[in-house]
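As stored in target_38.cif (mmCIF, C-alpha atoms and all ligand atoms):
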data_final
loop_
_atom_site.label_atom_id
_atom_site.label_comp_id
_atom_site.auth_asym_id
_atom_site.auth_seq_id
_atom_site.Cartn_x
_atom_site.Cartn_y
_atom_site.Cartn_z
CA MET D 185 12.26 -9.06 -47.33
CA SER D 186 9.45 -11.35 -48.36
CA ASP D 187 6.23 -10.57 -50.18
CA SER D 188 4.74 -7.36 -48.88
CA ASP D 189 1.35 -8.63 -47.76
CA CYS D 190 2.75 -10.76 -44.93
CA SER D 191 4.63 -7.89 -43.29
CA ASP D 192 4.04 -4.26 -42.41
CA PHE D 193 6.42 -3.22 -45.14
CA CYS D 194 5.16 -0.59 -47.57
CA VAL D 195 6.79 0.91 -50.67
CA VAL D 196 5.18 4.34 -50.13
CA PRO D 197 8.27 6.02 -48.52
CA TRP D 198 10.23 5.19 -51.70
CA THR D 199 7.57 5.97 -54.29
CA HIS D 200 4.81 8.32 -53.19
CA ALA D 201 4.54 12.06 -52.54
CA TYR D 202 1.58 13.62 -50.75
CA VAL D 203 0.54 17.21 -50.02
CA GLY D 204 -2.69 17.67 -48.07
CA VAL D 205 -5.31 20.32 -48.58
CA GLY D 206 -3.78 22.28 -45.65
CA GLY D 207 -0.37 22.27 -47.35
CA HIS D 208 1.25 19.62 -45.14
CA ARG D 209 3.48 16.86 -46.44
CA LYS D 210 3.21 13.36 -45.00
CA LEU D 211 3.53 9.74 -46.06
CA CYS D 212 0.10 9.30 -47.64
CA THR D 213 -3.50 10.38 -47.26
CA ILE D 214 -4.29 7.92 -44.46
CA SER D 215 -1.03 8.07 -42.49
CA GLN D 216 -1.70 9.35 -39.00
CA GLU D 217 1.16 11.77 -38.36
CA LYS D 218 0.31 15.48 -38.19
CA GLY D 219 2.42 16.17 -41.25
CA ASN D 220 5.20 18.59 -42.00
CA GLN D 221 3.87 22.17 -42.20
CA GLN D 222 7.15 23.82 -43.13
CA LYS D 223 6.27 24.25 -46.80
CA LEU D 224 9.28 22.23 -47.93
CA SER D 225 9.93 21.34 -51.53
CA LEU D 226 9.69 17.68 -52.50
CA GLU D 227 13.47 17.54 -52.77
CA GLU D 228 13.90 18.87 -49.22
CA PHE D 229 11.25 16.58 -47.77
CA TRP D 230 12.13 13.41 -49.70
CA ASN D 231 15.49 12.93 -48.05
CA GLY D 232 14.76 14.96 -44.91
CA ALA D 233 15.08 13.62 -41.36
CA GLU D 234 11.48 12.31 -41.12
CA MET D 235 11.57 10.31 -44.36
CA LYS D 236 15.02 8.87 -43.63
CA GLU D 237 13.87 7.66 -40.21
CA VAL D 238 10.72 6.11 -41.67
CA ARG D 239 12.69 4.22 -44.33
CA LEU D 240 15.19 2.82 -41.84
CA LYS D 241 12.45 1.67 -39.49
CA MET D 242 10.54 0.04 -42.34
CA LEU D 243 13.61 -1.78 -43.55
CA LYS D 244 14.15 -3.12 -40.02
CA GLY D 245 10.59 -4.46 -40.06
CA GLU D 246 9.38 -2.06 -37.35
CA ARG D 247 5.72 -1.13 -37.06
CA LEU D 248 5.25 2.59 -37.59
CA GLN D 249 2.59 4.24 -35.47
CA GLN D 250 1.62 6.59 -38.30
CA CYS D 251 0.86 3.54 -40.48
CA ARG D 252 -1.51 1.92 -38.01
CA LEU D 253 -4.56 2.17 -40.27
CA CYS D 254 -2.77 -0.27 -42.58
CA TRP D 255 -1.44 -2.79 -40.08
CA ASP D 256 -4.32 -2.75 -37.59
CA LYS D 257 -6.56 -5.48 -38.94
CA ASN D 258 -9.63 -3.85 -37.35
CA ASN D 259 -9.45 -0.93 -39.73
CA PHE D 260 -9.39 -2.14 -43.29
CA LEU D 261 -10.27 -5.35 -45.05
CA ASN D 262 -7.96 -4.28 -47.85
CA PRO D 263 -5.28 -1.97 -46.46
CA TYR D 264 -4.21 1.04 -48.54
CA LYS D 265 -0.62 -0.26 -48.69
CA ASN D 266 -1.81 -3.12 -50.92
CA TYR D 267 -2.64 -0.61 -53.64
CA PHE D 268 1.03 0.47 -53.73
CA ASN D 269 2.70 -2.84 -52.84
CA LYS D 270 0.63 -5.12 -55.00
CA PHE D 271 -1.03 -3.08 -57.71
CA LEU D 272 1.23 -0.13 -58.57
CA PHE D 273 4.73 -1.21 -57.63
CA PRO D 274 4.90 -4.97 -57.02
CA ASN D 275 8.55 -5.43 -58.00
CA LEU D 276 10.55 -2.77 -56.20
CA VAL D 277 11.86 -4.60 -53.17
CA ASP D 278 15.36 -5.32 -54.58
CA GLU D 279 15.71 -1.80 -55.95
CA ILE D 280 14.73 -0.36 -52.57
CA ARG D 281 17.46 -2.39 -50.85
CA GLU D 282 20.07 -1.29 -53.40
CA LYS D 283 19.11 2.37 -53.46
CA THR D 284 18.73 3.14 -49.77
CA ALA D 285 21.82 4.45 -47.99
CA SER D 286 22.67 3.60 -44.38
CA ASP D 287 21.22 6.96 -43.23
CA GLY D 288 17.85 6.20 -44.89
CA SER D 289 18.24 8.53 -47.86
CA THR D 290 17.35 7.15 -51.28
CA THR D 291 18.20 7.87 -54.89
CA MET D 292 14.78 6.56 -55.97
CA PRO D 293 12.44 9.28 -57.24
CA ALA D 294 8.85 9.84 -56.13
CA ARG D 295 6.75 8.38 -58.93
CA SER D 296 3.23 8.52 -57.51
CA PHE D 297 1.64 11.88 -56.62
CA ASP D 298 -1.33 12.77 -54.44
CA TYR D 299 -1.16 16.57 -54.38
CA ARG D 300 -4.30 18.39 -53.26
CA TYR D 301 -3.77 21.68 -55.03
CA SER D 302 -6.88 23.58 -54.13
CA ASN D 303 -10.30 23.59 -52.48
CA ASP D 304 -11.92 24.99 -55.64
CA CYS D 305 -15.18 23.14 -56.10
CA ASN D 306 -18.44 23.69 -57.96
CA TYR D 307 -20.48 21.93 -55.22
CA SER D 308 -21.19 22.80 -51.61
CA CYS D 309 -22.19 19.42 -50.21
CA ARG D 310 -23.75 19.39 -46.75
CA ILE D 311 -21.39 16.62 -45.65
CA CYS D 312 -18.29 18.58 -46.68
CA HIS D 313 -16.02 21.20 -45.09
CA PRO D 314 -14.82 24.61 -46.32
CA ASP D 315 -11.23 23.29 -46.48
CA TYR D 316 -12.42 21.09 -49.37
CA SER D 317 -14.92 23.40 -51.04
CA ASN D 318 -14.40 27.12 -51.65
CA ARG D 319 -18.14 27.41 -52.31
CA LEU D 320 -18.84 26.28 -48.76
CA GLU D 321 -16.02 28.52 -47.56
CA LYS D 322 -17.64 31.59 -49.15
CA GLU D 323 -21.08 30.60 -47.92
CA TYR D 324 -19.86 30.11 -44.32
CA GLN D 325 -18.06 33.45 -44.42
CA LYS D 326 -21.15 35.23 -45.73
CA GLU D 327 -23.38 33.62 -43.11
CA LYS D 328 -20.77 34.11 -40.36
CA VAL D 329 -20.59 30.39 -39.55
CA VAL D 330 -17.67 29.59 -37.26
CA TYR D 331 -15.60 26.54 -38.17
CA LYS D 332 -12.16 25.08 -37.53
CA SER D 333 -9.80 25.20 -40.48
CA ASP D 334 -6.47 23.65 -41.39
CA ASN D 335 -5.62 26.49 -43.70
CA LEU D 336 -2.27 28.14 -43.24
CA GLU D 337 -0.97 31.57 -44.04
CA GLY D 338 0.92 31.62 -47.32
CA LEU D 339 -0.88 28.48 -48.45
CA SER D 340 -1.77 29.72 -51.91
CA GLU D 341 1.88 30.61 -52.73
CA PHE D 342 2.94 27.18 -51.51
CA LYS D 343 0.26 25.48 -53.60
CA ASP D 344 1.48 27.41 -56.65
CA SER D 345 5.01 26.16 -56.03
CA VAL D 346 3.69 22.61 -55.61
CA LYS D 347 1.89 22.86 -58.97
CA GLN D 348 5.12 23.93 -60.62
CA GLU D 349 7.04 21.18 -58.82
CA PHE D 350 4.62 18.56 -60.12
CA LEU D 351 4.84 19.92 -63.67
CA ASN D 352 8.63 19.61 -63.48
CA GLU D 353 8.28 15.96 -62.42
CA VAL D 354 5.86 15.37 -65.31
CA ARG D 355 8.31 16.90 -67.77
CA LYS D 356 11.17 14.76 -66.45
CA GLY D 357 9.06 11.69 -67.26
CA SER D 358 9.36 10.17 -63.78
CA VAL D 359 5.64 10.16 -62.89
CA GLU D 360 3.88 6.78 -62.94
CA GLU D 361 0.72 7.48 -60.99
CA ILE D 362 -1.46 10.52 -60.33
CA TYR D 363 -4.30 10.78 -57.83
CA TRP D 364 -6.63 13.67 -58.67
CA VAL D 365 -8.71 14.75 -55.68
CA GLY D 366 -9.47 18.06 -54.05
CA GLY D 367 -11.70 20.20 -54.07
CA GLU D 368 -13.11 19.08 -57.38
CA PRO D 369 -10.29 18.14 -59.76
CA LEU D 370 -12.44 18.16 -62.92
CA PHE D 371 -13.33 21.78 -62.11
CA TRP D 372 -9.67 22.88 -62.14
CA PRO D 373 -8.17 24.30 -65.36
CA TYR D 374 -4.81 23.03 -63.98
CA HIS D 375 -5.99 19.40 -64.18
CA TRP D 376 -6.93 19.73 -67.85
CA GLU D 377 -3.72 21.58 -68.76
CA VAL D 378 -1.47 19.01 -67.07
CA MET D 379 -3.30 16.02 -68.52
CA GLN D 380 -3.11 17.52 -72.03
CA GLU D 381 0.58 18.27 -71.60
CA ILE D 382 1.25 14.69 -70.48
CA VAL D 383 -0.44 13.37 -73.62
CA GLU D 384 1.44 15.82 -75.84
CA LEU D 385 4.78 14.93 -74.23
CA GLY D 386 4.12 11.26 -74.95
CA HIS D 387 4.35 10.19 -71.27
CA SER D 388 0.73 9.13 -70.81
CA SER D 389 1.18 5.43 -71.58
CA GLN D 390 3.40 5.03 -68.49
CA ILE D 391 0.98 6.77 -66.11
CA TYR D 392 -1.96 5.32 -64.20
CA CYS D 393 -4.63 7.84 -63.09
CA ARG D 394 -6.94 7.78 -60.10
CA TYR D 395 -9.79 10.23 -59.56
CA ASN D 396 -12.10 11.09 -56.71
CA THR D 397 -14.66 13.32 -58.37
CA ASN D 398 -18.21 14.58 -58.16
CA LEU D 399 -18.48 13.74 -61.90
CA SER D 400 -20.25 16.99 -62.68
CA LEU D 401 -18.29 17.73 -65.85
CA LEU D 402 -16.40 15.65 -68.37
CA LYS D 403 -15.30 18.40 -70.72
CA PHE D 404 -13.23 21.58 -70.45
CA LYS D 405 -12.58 24.05 -73.30
CA GLY D 406 -13.45 21.44 -75.92
CA VAL D 407 -11.25 18.69 -74.38
CA HIS D 408 -13.16 15.60 -73.31
CA LEU D 409 -11.92 13.36 -70.50
CA ILE D 410 -12.88 10.14 -72.23
CA ASP D 411 -12.59 11.06 -75.91
CA ASP D 412 -9.32 12.98 -75.68
CA LEU D 413 -7.39 12.10 -72.54
CA LEU D 414 -7.85 8.93 -70.51
CA PRO D 415 -7.58 6.34 -73.33
CA HIS D 416 -3.96 7.51 -73.83
CA PHE D 417 -3.03 6.54 -70.27
CA LYS D 418 -1.83 3.20 -68.92
CA GLY D 419 -5.15 2.85 -67.11
CA PHE D 420 -7.45 4.62 -64.72
CA ARG D 421 -9.93 4.24 -61.93
CA ILE D 422 -12.62 6.75 -61.14
CA GLN D 423 -14.23 6.94 -57.72
CA ALA D 424 -17.38 8.90 -58.47
CA SER D 425 -18.95 10.30 -55.34
CA LEU D 426 -22.66 9.73 -54.89
CA ASP D 427 -24.44 9.56 -51.53
CA GLY D 428 -28.00 8.99 -52.70
CA VAL D 429 -29.91 9.03 -55.97
CA GLY D 430 -32.53 11.59 -57.08
CA GLN D 431 -33.76 14.11 -54.50
CA ALA D 432 -31.90 12.56 -51.57
CA GLY D 433 -28.59 12.75 -53.44
CA GLU D 434 -29.27 16.31 -54.56
CA TYR D 435 -30.04 17.34 -50.98
CA ILE D 436 -26.87 15.82 -49.49
CA ARG D 437 -24.56 16.92 -52.32
CA THR D 438 -25.59 20.49 -53.10
CA GLY D 439 -24.75 21.14 -56.74
CA LEU D 440 -25.57 17.62 -57.89
CA ASN D 441 -27.90 17.44 -60.86
CA TRP D 442 -29.04 13.81 -60.86
CA GLN D 443 -29.95 13.73 -64.56
CA ARG D 444 -26.61 15.17 -65.65
CA TRP D 445 -24.70 12.94 -63.23
CA GLN D 446 -26.33 9.80 -64.65
CA LYS D 447 -25.45 10.87 -68.19
CA ASN D 448 -21.78 11.43 -67.27
CA PHE D 449 -21.67 8.25 -65.26
CA LEU D 450 -23.08 6.10 -68.07
CA GLU D 451 -20.65 7.59 -70.56
CA ILE D 452 -17.70 6.45 -68.46
CA HIS D 453 -19.35 3.22 -67.41
CA ASN D 454 -19.89 2.20 -71.04
CA PHE D 455 -16.27 2.99 -71.80
CA CYS D 456 -15.01 0.94 -68.83
CA LYS D 457 -17.25 -2.08 -69.51
CA VAL D 458 -15.13 -3.31 -72.40
CA ARG D 459 -11.70 -2.59 -70.88
CA THR D 460 -9.68 -4.26 -68.18
CA ASN D 461 -7.49 -1.25 -67.38
CA ALA D 462 -10.36 1.17 -66.65
CA GLN D 463 -12.80 1.06 -63.74
CA ILE D 464 -15.49 3.25 -62.31
CA TYR D 465 -16.72 2.87 -58.72
CA ILE D 466 -19.26 4.71 -56.64
CA ASP D 467 -17.73 6.34 -53.58
CA MET D 468 -20.60 6.66 -51.13
CA THR D 469 -20.50 8.66 -47.92
CA VAL D 470 -23.21 7.05 -45.82
CA THR D 471 -25.58 9.51 -44.12
CA LEU D 472 -28.93 9.23 -42.39
CA PRO D 473 -30.99 10.61 -45.33
CA GLY D 474 -28.93 8.34 -47.61
CA ILE D 475 -29.93 5.31 -45.51
CA VAL D 476 -33.61 6.30 -45.49
CA HIS D 477 -33.56 6.38 -49.31
CA LEU D 478 -31.11 3.53 -49.81
CA LYS D 479 -33.42 1.28 -51.80
CA GLU D 480 -33.14 3.51 -54.89
CA MET D 481 -29.35 3.56 -54.59
CA MET D 482 -29.25 -0.24 -54.32
CA GLU D 483 -31.52 -0.58 -57.39
CA PHE D 484 -29.28 1.75 -59.38
CA THR D 485 -26.03 0.01 -58.45
CA GLN D 486 -27.50 -3.44 -58.95
CA LYS D 487 -28.83 -2.50 -62.39
CA TYR D 488 -25.44 -1.28 -63.65
CA GLU D 489 -23.32 -3.76 -61.65
CA ILE D 490 -21.29 -0.97 -60.08
CA THR D 491 -18.98 -1.62 -57.19
CA VAL D 492 -19.76 0.67 -54.27
CA LEU D 493 -17.13 1.83 -51.79
CA PRO D 494 -19.15 3.00 -48.78
CA LYS D 495 -17.83 4.88 -45.75
CA LEU D 496 -19.59 6.47 -42.82
CA ILE D 497 -19.78 10.27 -42.68
CA LEU D 498 -17.09 11.84 -40.45
CA PRO D 499 -16.30 13.17 -37.96
CA SER D 500 -18.00 10.91 -35.45
CA GLN D 501 -19.29 13.60 -33.11
CA PRO D 502 -22.78 14.60 -31.98
CA ASP D 503 -23.10 17.84 -33.97
CA VAL D 504 -22.80 15.82 -37.21
CA VAL D 505 -26.55 15.39 -37.38
CA LEU D 506 -26.45 13.81 -40.84
CA SER D 507 -24.77 10.79 -39.26
CA PRO D 508 -27.01 7.79 -38.49
CA LEU D 509 -25.18 7.62 -35.14
CA SER D 510 -27.03 10.76 -34.06
CA LEU D 511 -30.20 8.64 -33.69
CA PRO D 512 -31.30 7.30 -30.29
CA ARG D 513 -30.54 3.58 -29.93
CA ALA D 514 -34.06 2.19 -30.36
CA LEU D 515 -34.73 4.28 -33.45
CA LEU D 516 -31.33 3.45 -34.95
CA ASP D 517 -31.86 -0.31 -34.53
CA GLN D 518 -35.39 -0.10 -35.90
CA LEU D 519 -34.27 1.92 -38.92
CA ILE D 520 -31.40 -0.40 -39.83
CA ASP D 521 -33.56 -3.52 -39.50
CA ARG D 522 -36.24 -1.95 -41.67
CA VAL D 523 -33.82 -0.73 -44.36
CA GLN D 524 -31.87 -4.00 -44.49
CA LYS D 525 -35.15 -5.83 -45.07
CA GLU D 526 -36.18 -3.35 -47.75
CA ILE D 527 -32.89 -3.50 -49.69
CA LYS D 528 -32.35 -7.26 -49.50
CA PRO D 529 -33.77 -7.98 -53.00
CA PHE D 530 -31.28 -5.50 -54.48
CA VAL D 531 -28.12 -6.69 -52.72
CA SER D 532 -25.49 -7.90 -55.17
CA PHE D 533 -21.82 -8.83 -55.15
CA ASP D 534 -21.02 -5.20 -56.03
CA ASN D 535 -23.09 -3.38 -53.43
CA VAL D 536 -23.13 -5.86 -50.52
CA SER D 537 -20.56 -3.64 -48.77
CA ILE D 538 -23.37 -1.16 -48.05
CA PHE D 539 -25.45 -3.86 -46.39
CA ARG D 540 -22.43 -4.85 -44.28
CA LEU D 541 -21.71 -1.27 -43.28
CA LEU D 542 -25.28 -0.96 -42.00
CA THR D 543 -24.69 -3.96 -39.76
CA GLN D 544 -21.46 -2.38 -38.47
CA ILE D 545 -23.26 0.90 -37.77
CA LYS D 546 -25.85 -0.93 -35.69
CA GLU D 547 -23.12 -2.69 -33.73
CA GLN D 548 -21.22 0.45 -32.76
CA PRO D 549 -22.10 2.89 -29.98
CA ASN D 550 -24.23 5.80 -31.11
CA PHE D 551 -23.35 9.40 -30.17
CA GLU D 552 -25.59 9.36 -27.12
CA GLU D 553 -23.72 6.31 -25.80
CA SER D 554 -20.25 7.63 -26.73
CA PHE D 555 -20.74 11.21 -25.49
CA PRO D 556 -23.46 11.06 -22.81
CA ASP D 557 -22.55 14.48 -21.33
CA GLN D 558 -22.21 16.49 -24.53
CA TYR D 559 -24.69 14.69 -26.78
CA GLN D 560 -27.84 16.78 -26.38
CA GLU D 561 -26.19 20.18 -26.47
CA GLN D 562 -24.02 19.37 -29.48
CA PHE D 563 -26.84 17.67 -31.33
CA ASP D 564 -29.03 20.76 -30.85
CA GLN D 565 -26.24 22.99 -32.15
CA GLY D 566 -25.76 20.75 -35.21
CA ARG D 567 -29.49 20.74 -35.92
CA GLN D 568 -29.72 24.52 -35.60
CA LYS D 569 -26.84 24.90 -38.05
CA LEU D 570 -28.42 22.56 -40.57
CA LEU D 571 -31.84 24.24 -40.30
CA ALA D 572 -30.22 27.66 -40.70
CA MET D 573 -28.50 26.40 -43.85
CA GLU D 574 -31.82 25.15 -45.26
CA ALA D 575 -33.27 28.63 -44.55
CA TRP D 576 -30.49 30.70 -46.17
CA ARG D 577 -30.35 28.34 -49.15
CA GLN D 578 -34.15 28.48 -49.43
CA ASP D 579 -34.23 24.73 -50.03
CA SER D 580 -37.32 23.43 -51.78
CA VAL D 581 -36.66 19.96 -50.31
CA THR D 582 -35.70 19.78 -46.63
CA LEU D 583 -34.41 17.04 -44.39
CA SER D 584 -37.81 16.85 -42.80
CA ASP D 585 -39.32 16.14 -46.25
CA LEU D 586 -36.77 13.37 -46.82
CA TYR D 587 -37.63 11.81 -43.44
CA GLN D 588 -41.37 11.84 -44.20
CA LYS D 589 -41.04 8.25 -45.44
CA ILE D 590 -40.55 7.12 -41.82
CA PRO D 591 -42.94 9.03 -39.51
CA GLU D 592 -41.05 8.15 -36.26
CA LEU D 593 -37.89 9.58 -37.80
CA GLN D 594 -39.55 12.77 -38.95
CA GLU D 595 -41.08 13.16 -35.49
CA TRP D 596 -37.63 12.74 -33.88
CA TRP D 597 -36.07 15.31 -36.22
CA GLN D 598 -38.81 17.84 -35.55
CA SER D 599 -38.97 17.25 -31.79
C1 LIG V 1 -13.67 16.06 -50.29
S1 LIG V 1 -14.13 15.13 -51.68
C2 LIG V 1 -13.09 15.74 -52.95
C3 LIG V 1 -13.26 15.05 -54.28
C4 LIG V 1 -14.51 15.35 -55.06
N1 LIG V 1 -14.90 16.71 -55.00
C5 LIG V 1 -15.64 14.44 -54.64
O1 LIG V 1 -16.62 14.89 -54.08
O2 LIG V 1 -15.51 13.24 -54.89
C6 LIG V 1 -13.42 13.51 -51.37
C7 LIG V 1 -14.40 12.51 -50.78
O3 LIG V 1 -14.71 12.89 -49.46
C8 LIG V 1 -16.07 12.60 -49.24
N2 LIG V 1 -16.55 13.38 -48.09
C9 LIG V 1 -16.94 14.66 -48.06
N3 LIG V 1 -17.34 14.99 -46.82
C10 LIG V 1 -17.18 13.89 -46.05
C11 LIG V 1 -17.44 13.60 -44.68
N4 LIG V 1 -17.93 14.51 -43.85
N5 LIG V 1 -17.17 12.35 -44.25
C12 LIG V 1 -16.67 11.41 -45.07
N6 LIG V 1 -16.41 11.63 -46.38
C13 LIG V 1 -16.67 12.86 -46.86
C14 LIG V 1 -16.71 12.97 -50.56
O4 LIG V 1 -18.00 12.42 -50.73
C15 LIG V 1 -15.71 12.38 -51.53
O5 LIG V 1 -15.99 11.02 -51.77
S1 LIG V 2 -17.98 17.85 -54.49
FE1 LIG V 2 -16.43 16.99 -53.15
S2 LIG V 2 -15.14 18.71 -52.48
FE2 LIG V 2 -16.96 19.56 -53.46
S3 LIG V 2 -18.31 20.01 -51.76
FE3 LIG V 2 -18.82 17.96 -52.46
S4 LIG V 2 -17.58 16.53 -51.29
FE4 LIG V 2 -16.75 18.59 -51.01
#

Could you quickly redo this structure as structure tokens?
Amino acid sequence: MSDSDCSDFCVVPWTHAYVGVGGHRKLCTISQEKGNQQKLSLEEFWNGAEMKEVRLKMLKGERLQQCRLCWDKNNFLNPYKNYFNKFLFPNLVDEIREKTASDGSTTMPARSFDYRYSNDCNYSCRICHPDYSNRLEKEYQKEKVVYKSDNLEGLSEFKDSVKQEFLNEVRKGSVEEIYWVGGEPLFWPYHWEVMQEIVELGHSSQIYCRYNTNLSLLKFKGVHLIDDLLPHFKGFRIQASLDGVGQAGEYIRTGLNWQRWQKNFLEIHNFCKVRTNAQIYIDMTVTLPGIVHLKEMMEFTQKYEITVLPKLILPSQPDVVLSPLSLPRALLDQLIDRVQKEIKPFVSFDNVSIFRLLTQIKEQPNFEESFPDQYQEQFDQGRQKLLAMEAWRQDSVTLSDLYQKIPELQEWWQS
């Protein structure tokens, strides 16, 4: 087997354990299989029929359908497998050969964990879904909003067993990487307890930490993320979610307090500036109000030289009215041209990915073109839902206010 970047080979089936928010186990967060819903333990899943088959196919150099987001060059400039193959575990190829039996089972332990323990969250972002935020879940239940959910019966018992399972792995000392994401991981007492225990056990220097967080709090019961925990670890990267600055950001991400967010962000940013093993990025979900107010976001990221990781709001369907793809073609083209012109002076090496994503958005079919038969009806339903939310939340700033900057856009939204 040669170097991993020139093949479809990936070390994930020998190193990484994933449990999704709906309680399913699969290869990793982006793998495309439905996932195993049988509430298996890691031990049962790790050398179960699915994993053994995957390992054998990978060793034969076969392309796995579930891994297509990594091998299909149209999807990612930097495929997710590179994070595992090149950054986390660059030297495992010989060990993998030695420790994989002819039936595909392995004696290698999972050492990287992406376990999504809970949807507990202190925000109720308008882009998000109740499966990821219990605040949204409660709100939708109260307002009798109908939505599709992944949640399974018996999920909370399974999640409790998964928490215990992970603690056991921590105590054995076999964990080398943790991805904290949820829900909001910094809002979970469990996160703080585990991280403290890792430090106390003396295992932290062998563990790299990744976070996807709303960055709303850095402290829990007197323990501070930066002062007391992360410096003990091998390294860390924080993907701090932010979809707009000031009022626009606070509208999209309900719960965000822009002043407090900046304070937390700068605390971590200043820490990371002088270290090579610590990074903070902005994880931006690109929405229509976010694009309208993009200049301020570009100014902010340029000023602090922050790398931005932008992605378009999902799903791509006409009732997602916060998506720029919900705009009619002429208005979409006009908006992107106007915003690209406006943000040009603030484009830097770190935030150019936003500029590029705008170009990609303009080049793809909008919802009207993709779903000509369903577009109008679904768009109207999505708009009604969003307006109803503004009414029950008694928002002081509405989407219409945010679109005031561009009269044609406000007119379209109100039409
Ligand atoms: C579900 S959140 C959980 C982690 C944490 N609470 C946070 O907000 O970063 C994970 C990521 O998904 C993003 N996200 C939420 N809703 C989305 C949507 N409809 N489309 C794309 N990304 C979305 C969030 O902005 C965040 O970057
Ligand atoms: S903070 Fe994260 S999990 Fe919570 S509602 Fe927002 S996007 Fe969803």

Legend entry - Cut-off 8 Å, only C-alpha atoms and all ligand atoms, neighbours of ligand LIG 1 (chain V) as a PyMOL selection string: chain D and resi 305+307+309-313+316-317+365-369+395-399+423-427+467-470+495-499

Kindly save the residues from that selection, with C-alpha atoms included, as a PDB file, in the coordinates of the input.
ATOM      1  CA  CYS D 305     -15.180  23.140 -56.100  1.00  0.00           C
ATOM      2  CA  TYR D 307     -20.480  21.930 -55.220  1.00  0.00           C
ATOM      3  CA  CYS D 309     -22.190  19.420 -50.210  1.00  0.00           C
ATOM      4  CA  ARG D 310     -23.750  19.390 -46.750  1.00  0.00           C
ATOM      5  CA  ILE D 311     -21.390  16.620 -45.650  1.00  0.00           C
ATOM      6  CA  CYS D 312     -18.290  18.580 -46.680  1.00  0.00           C
ATOM      7  CA  HIS D 313     -16.020  21.200 -45.090  1.00  0.00           C
ATOM      8  CA  TYR D 316     -12.420  21.090 -49.370  1.00  0.00           C
ATOM      9  CA  SER D 317     -14.920  23.400 -51.040  1.00  0.00           C
ATOM     10  CA  VAL D 365      -8.710  14.750 -55.680  1.00  0.00           C
ATOM     11  CA  GLY D 366      -9.470  18.060 -54.050  1.00  0.00           C
ATOM     12  CA  GLY D 367     -11.700  20.200 -54.070  1.00  0.00           C
ATOM     13  CA  GLU D 368     -13.110  19.080 -57.380  1.00  0.00           C
ATOM     14  CA  PRO D 369     -10.290  18.140 -59.760  1.00  0.00           C
ATOM     15  CA  TYR D 395      -9.790  10.230 -59.560  1.00  0.00           C
ATOM     16  CA  ASN D 396     -12.100  11.090 -56.710  1.00  0.00           C
ATOM     17  CA  THR D 397     -14.660  13.320 -58.370  1.00  0.00           C
ATOM     18  CA  ASN D 398     -18.210  14.580 -58.160  1.00  0.00           C
ATOM     19  CA  LEU D 399     -18.480  13.740 -61.900  1.00  0.00           C
ATOM     20  CA  GLN D 423     -14.230   6.940 -57.720  1.00  0.00           C
ATOM     21  CA  ALA D 424     -17.380   8.900 -58.470  1.00  0.00           C
ATOM     22  CA  SER D 425     -18.950  10.300 -55.340  1.00  0.00           C
ATOM     23  CA  LEU D 426     -22.660   9.730 -54.890  1.00  0.00           C
ATOM     24  CA  ASP D 427     -24.440   9.560 -51.530  1.00  0.00           C
ATOM     25  CA  ASP D 467     -17.730   6.340 -53.580  1.00  0.00           C
ATOM     26  CA  MET D 468     -20.600   6.660 -51.130  1.00  0.00           C
ATOM     27  CA  THR D 469     -20.500   8.660 -47.920  1.00  0.00           C
ATOM     28  CA  VAL D 470     -23.210   7.050 -45.820  1.00  0.00           C
ATOM     29  CA  LYS D 495     -17.830   4.880 -45.750  1.00  0.00           C
ATOM     30  CA  LEU D 496     -19.590   6.470 -42.820  1.00  0.00           C
ATOM     31  CA  ILE D 497     -19.780  10.270 -42.680  1.00  0.00           C
ATOM     32  CA  LEU D 498     -17.090  11.840 -40.450  1.00  0.00           C
ATOM     33  CA  PRO D 499     -16.300  13.170 -37.960  1.00  0.00           C
TER      34      PRO D 499
END

Inset, instruction - Tell me, in Å to one decimal, how far CA of Leu570 in chain D is from CA of Leu583 in chain D. - result: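 CA of Leu570 in chain D sits 9.0 Å away from CA of Leu583 in chain D.
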
Inset, instruction - May I have the protein, DNA and RNA residues with any atom at most 6 Å from the point (-2.4, 18.7, -50.5), counting all atoms listed in the file, written as an MDAnalysis selection string? - result: chainID D and resid 203:205 207 299:301

Which centre and edge lengths in Å to one decimal define the box along x, y and z that fits every listed atom of range 452-460 of chain D plus 6 Å per side, as lines of an AutoDock Vina configuration file?
center_x = -14.8
center_y = 1.1
center_z = -69.9
size_x = 22.2
size_y = 22.7
size_z = 17.0

Legend entry - Given only C-alpha atoms as the counted atoms, nearest of D:Arg247, D:Lys328, D:Lys265, D:His375 to Ile214 in chain D: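 Of D:Arg247, D:Lys328, D:Lys265, D:His375, the one nearest Ile214 in chain D, counting only C-alpha atoms, is D:Lys265.
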
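Distances from D:Lys546, D:Arg319, D:His477, D:Arg355 to ligand LIG 2 (chain V) were compared using only C-alpha atoms and all ligand atoms, and the smallest one belongs to D:Arg319.
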
Legend entry - Length of the CA of Lys403 in chain D to CA of Val378 in chain D vector [Å]: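 Calculated distance between CA of Lys403 in chain D and CA of Val378 in chain D is 14.3 Å.
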
Inset, instruction - Do a neighbour search on range 452-463 of chain D at 8 Å with only C-alpha atoms, toss out local chain neighbours closer than 4 positions, and write the hits as an MDAnalysis selection string. - result: chainID D and resid 410 418:422 448

Inset, instruction - Would you mind reading off the distance between CA of Ala514 in chain D and CA of Gly566 in chain D, one decimal, in Å? - result: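 Here the two named atoms are 20.9 Å from each other.
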
Inset, instruction - Would you kindly return, as a ChimeraX atom specification, each protein, DNA or RNA residue with an atom no farther than 12 Å from any atom of Ser215 in chain D, considering all atoms listed in the file and excluding same-chain residues fewer than 4 positions away? - result: /D:194,196-197,202-204,209-211,219,238,248-255,263-265
